[in-house]
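What follows is a set of notes on a single structure, which appears directly below.
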Amino acid sequence: MAKSYLEITLKVDNADRANAAGVYNQYKAPFLENIKGATSKELLIRDEDVQVLHGFESAEDAQNYLSTDLFNNDVVTALKPYLKDNPDVRIYTVA
């Protein structure tokens, strides 16, 4: 069970959502298999935005993920063409 969550909210045009979902699908397994403390990854879709909810064993693991090559060199680079604004990044700890 996740003890912390990293929530990344993305503003993506409807026309680009399939491509953004493709990035999510491409990097879900590497995230779960290779990132310390990773427990889950879910794609949440609303009319106004798309959110990626990452589960971690600790808030420290969530924060550390933001510095990894997988996040910065792969995920961010792949998503950049589809983003309308800077992502909103938040870390939550389960009470």
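All residue names refer to the structure tokens as shown: chains lettered A, B, ... in order, residues numbered from 1 in each chain, ligands numbered from 1 in order.
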
Filtered DSSP result for chain A, state helix (DSSP H, G or I), as a PyMOL selection string: chain A and resi 14-34+59-65+69-82

Per residue of stretch 33-73 of chain A within 7 Å of stretch 4-15 of chain A, what are the shortest atom pair and its distance in Å to one decimal, counting only C-alpha atoms, with rows by chain and residue number, as a tab-separated table?
```
residue	atom	partner	partner_atom	distance
A:Asp49	CA	A:Lys11	CA	5.0
A:Val50	CA	A:Leu10	CA	5.2
A:Gln51	CA	A:Thr9	CA	4.3
A:Val52	CA	A:Ile8	CA	5.3
A:Leu53	CA	A:Glu7	CA	4.7
A:His54	CA	A:Leu6	CA	5.0
A:Gly55	CA	A:Tyr5	CA	4.7
A:Phe56	CA	A:Ser4	CA	5.2
A:Glu57	CA	A:Ser4	CA	6.1
A:Ser58	CA	A:Ser4	CA	5.3
A:Ala59	CA	A:Ser4	CA	5.2
A:Ala62	CA	A:Leu6	CA	5.9
```

Residue among A:Arg90, A:Lys41, A:Arg46, A:Lys3 lying closest to A:Tyr27, counting only C-alpha atoms: A:Lys41

Could you pull out the strand (DSSP E) residues of chain A, going by DSSP on the backbone, and write them as a ChimeraX atom specification? /A:4-10,38-45,50-56,88-93

Which residues come within 10 Å of A:Val76, counting only C-alpha atoms, excluding same-chain residues fewer than 6 positions away, as JSON, numbers by chain? {"A": [23, 69, 70, 83, 87]}

Got time to write the residues from that selection, all heavy atoms, as a PDB file, in the first residue's frame?
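Everything below was put into selection_6.pdb:
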```
ATOM      1  N   VAL A  23       2.548   7.927 -23.784  1.00  0.00           N
ATOM      2  CA  VAL A  23       3.749   8.154 -22.968  1.00  0.00           C
ATOM      3  C   VAL A  23       3.569   7.480 -21.612  1.00  0.00           C
ATOM      4  O   VAL A  23       4.473   6.799 -21.108  1.00  0.00           O
ATOM      5  CB  VAL A  23       4.029   9.660 -22.810  1.00  0.00           C
ATOM      6  CG1 VAL A  23       5.159   9.907 -21.817  1.00  0.00           C
ATOM      7  CG2 VAL A  23       4.338  10.296 -24.158  1.00  0.00           C
ATOM      8  N   ASP A  69      16.786  10.013 -14.117  1.00  0.00           N
ATOM      9  CA  ASP A  69      16.896  10.100 -15.569  1.00  0.00           C
ATOM     10  C   ASP A  69      15.596   9.679 -16.233  1.00  0.00           C
ATOM     11  O   ASP A  69      15.192  10.272 -17.240  1.00  0.00           O
ATOM     12  CB  ASP A  69      18.044   9.222 -16.081  1.00  0.00           C
ATOM     13  CG  ASP A  69      19.412   9.821 -15.771  1.00  0.00           C
ATOM     14  OD1 ASP A  69      19.497  11.032 -15.477  1.00  0.00           O
ATOM     15  OD2 ASP A  69      20.398   9.065 -15.828  1.00  0.00           O
ATOM     16  N   LEU A  70      14.937   8.652 -15.687  1.00  0.00           N
ATOM     17  CA  LEU A  70      13.671   8.191 -16.274  1.00  0.00           C
ATOM     18  C   LEU A  70      12.668   9.344 -16.325  1.00  0.00           C
ATOM     19  O   LEU A  70      12.026   9.571 -17.356  1.00  0.00           O
ATOM     20  CB  LEU A  70      13.085   7.017 -15.480  1.00  0.00           C
ATOM     21  CG  LEU A  70      11.728   6.515 -15.958  1.00  0.00           C
ATOM     22  CD1 LEU A  70      11.835   5.879 -17.347  1.00  0.00           C
ATOM     23  CD2 LEU A  70      11.139   5.522 -14.976  1.00  0.00           C
ATOM     24  N   LEU A  83       2.159  19.356 -23.844  1.00  0.00           N
ATOM     25  CA  LEU A  83       1.782  20.164 -22.689  1.00  0.00           C
ATOM     26  C   LEU A  83       1.432  21.594 -23.089  1.00  0.00           C
ATOM     27  O   LEU A  83       2.170  22.234 -23.832  1.00  0.00           O
ATOM     28  CB  LEU A  83       2.913  20.176 -21.661  1.00  0.00           C
ATOM     29  CG  LEU A  83       3.299  18.821 -21.076  1.00  0.00           C
ATOM     30  CD1 LEU A  83       4.434  18.993 -20.082  1.00  0.00           C
ATOM     31  CD2 LEU A  83       2.112  18.140 -20.425  1.00  0.00           C
ATOM     32  N   PRO A  87       3.492  21.560 -15.745  1.00  0.00           N
ATOM     33  CA  PRO A  87       2.751  20.625 -14.901  1.00  0.00           C
ATOM     34  C   PRO A  87       2.681  21.135 -13.451  1.00  0.00           C
ATOM     35  O   PRO A  87       3.574  21.840 -12.987  1.00  0.00           O
ATOM     36  CB  PRO A  87       3.576  19.336 -14.968  1.00  0.00           C
ATOM     37  CG  PRO A  87       4.443  19.488 -16.158  1.00  0.00           C
ATOM     38  CD  PRO A  87       4.681  20.954 -16.335  1.00  0.00           C
TER      39      PRO A  87
END
```

Need to verify the contact set: stretch 77-79 of chain A, 9 Å, only C-alpha atoms, exclusion of same-chain residues closer than 4 positions in sequence. Can you return it as a PyMOL selection string? chain A and resi 19-20+23-24+71-73+83

Please produce an output containing all heavy atoms for each residue in the selection, written as an mmCIF file, in the first residue's frame.
```
data_model
loop_
_atom_site.group_PDB
_atom_site.id
_atom_site.type_symbol
_atom_site.label_atom_id
_atom_site.label_comp_id
_atom_site.auth_asym_id
_atom_site.auth_seq_id
_atom_site.Cartn_x
_atom_site.Cartn_y
_atom_site.Cartn_z
ATOM 1 N N ASN A 19 -1.841 10.639 -27.401
ATOM 2 C CA ASN A 19 -0.383 10.629 -27.412
ATOM 3 C C ASN A 19 0.184 10.709 -25.996
ATOM 4 O O ASN A 19 1.151 10.022 -25.670
ATOM 5 C CB ASN A 19 0.155 11.796 -28.252
ATOM 6 C CG ASN A 19 -0.129 11.610 -29.718
ATOM 7 O OD1 ASN A 19 -0.134 10.503 -30.229
ATOM 8 N ND2 ASN A 19 -0.388 12.710 -30.404
ATOM 9 N N ALA A 20 -0.405 11.549 -25.155
ATOM 10 C CA ALA A 20 0.037 11.652 -23.762
ATOM 11 C C ALA A 20 -0.198 10.330 -23.032
ATOM 12 O O ALA A 20 0.648 9.877 -22.252
ATOM 13 C CB ALA A 20 -0.689 12.791 -23.059
ATOM 14 N N VAL A 23 2.548 7.927 -23.784
ATOM 15 C CA VAL A 23 3.749 8.154 -22.968
ATOM 16 C C VAL A 23 3.569 7.480 -21.612
ATOM 17 O O VAL A 23 4.473 6.799 -21.108
ATOM 18 C CB VAL A 23 4.029 9.660 -22.810
ATOM 19 C CG1 VAL A 23 5.159 9.907 -21.817
ATOM 20 C CG2 VAL A 23 4.338 10.296 -24.158
ATOM 21 N N TYR A 24 2.404 7.652 -21.005
ATOM 22 C CA TYR A 24 2.096 6.996 -19.729
ATOM 23 C C TYR A 24 2.285 5.485 -19.857
ATOM 24 O O TYR A 24 2.966 4.865 -19.046
ATOM 25 C CB TYR A 24 0.657 7.329 -19.310
ATOM 26 C CG TYR A 24 0.123 6.431 -18.230
ATOM 27 C CD1 TYR A 24 0.403 6.687 -16.900
ATOM 28 C CD2 TYR A 24 -0.643 5.307 -18.541
ATOM 29 C CE1 TYR A 24 -0.064 5.855 -15.900
ATOM 30 C CE2 TYR A 24 -1.123 4.483 -17.555
ATOM 31 C CZ TYR A 24 -0.832 4.751 -16.232
ATOM 32 O OH TYR A 24 -1.296 3.906 -15.253
ATOM 33 N N PHE A 71 12.543 10.073 -15.239
ATOM 34 C CA PHE A 71 11.581 11.175 -15.215
ATOM 35 C C PHE A 71 12.032 12.324 -16.109
ATOM 36 O O PHE A 71 11.290 12.778 -16.981
ATOM 37 C CB PHE A 71 11.358 11.668 -13.782
ATOM 38 C CG PHE A 71 10.370 12.797 -13.693
ATOM 39 C CD1 PHE A 71 9.019 12.568 -13.891
ATOM 40 C CD2 PHE A 71 10.787 14.091 -13.445
ATOM 41 C CE1 PHE A 71 8.101 13.602 -13.833
ATOM 42 C CE2 PHE A 71 9.878 15.138 -13.383
ATOM 43 C CZ PHE A 71 8.535 14.894 -13.581
ATOM 44 N N ASN A 72 13.235 12.806 -15.908
ATOM 45 C CA ASN A 72 13.690 14.022 -16.593
ATOM 46 C C ASN A 72 14.054 13.824 -18.053
ATOM 47 O O ASN A 72 13.733 14.667 -18.890
ATOM 48 C CB ASN A 72 14.878 14.629 -15.841
ATOM 49 C CG ASN A 72 14.437 15.245 -14.546
ATOM 50 O OD1 ASN A 72 13.665 16.182 -14.541
ATOM 51 N ND2 ASN A 72 14.898 14.706 -13.437
ATOM 52 N N ASN A 73 14.734 12.736 -18.370
ATOM 53 C CA ASN A 73 15.210 12.537 -19.743
ATOM 54 C C ASN A 73 14.221 11.795 -20.626
ATOM 55 O O ASN A 73 14.249 11.962 -21.843
ATOM 56 C CB ASN A 73 16.542 11.791 -19.744
ATOM 57 C CG ASN A 73 17.641 12.578 -19.051
ATOM 58 O OD1 ASN A 73 17.565 13.794 -18.915
ATOM 59 N ND2 ASN A 73 18.655 11.873 -18.591
ATOM 60 N N LEU A 83 2.159 19.356 -23.844
ATOM 61 C CA LEU A 83 1.782 20.164 -22.689
ATOM 62 C C LEU A 83 1.432 21.594 -23.089
ATOM 63 O O LEU A 83 2.170 22.234 -23.832
ATOM 64 C CB LEU A 83 2.913 20.176 -21.661
ATOM 65 C CG LEU A 83 3.299 18.821 -21.076
ATOM 66 C CD1 LEU A 83 4.434 18.993 -20.082
ATOM 67 C CD2 LEU A 83 2.112 18.140 -20.425
#
```

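One distance worth recording is that between atom CA of A:Ile45 and atom CA of A:Ala21, which is 9.7 Å.
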
Out of A:Gly22, A:Tyr92, A:Gln63, A:Pro81, which residue has the shortest atom-to-atom distance to A:Gly37 when counting only C-alpha atoms? A:Gln63
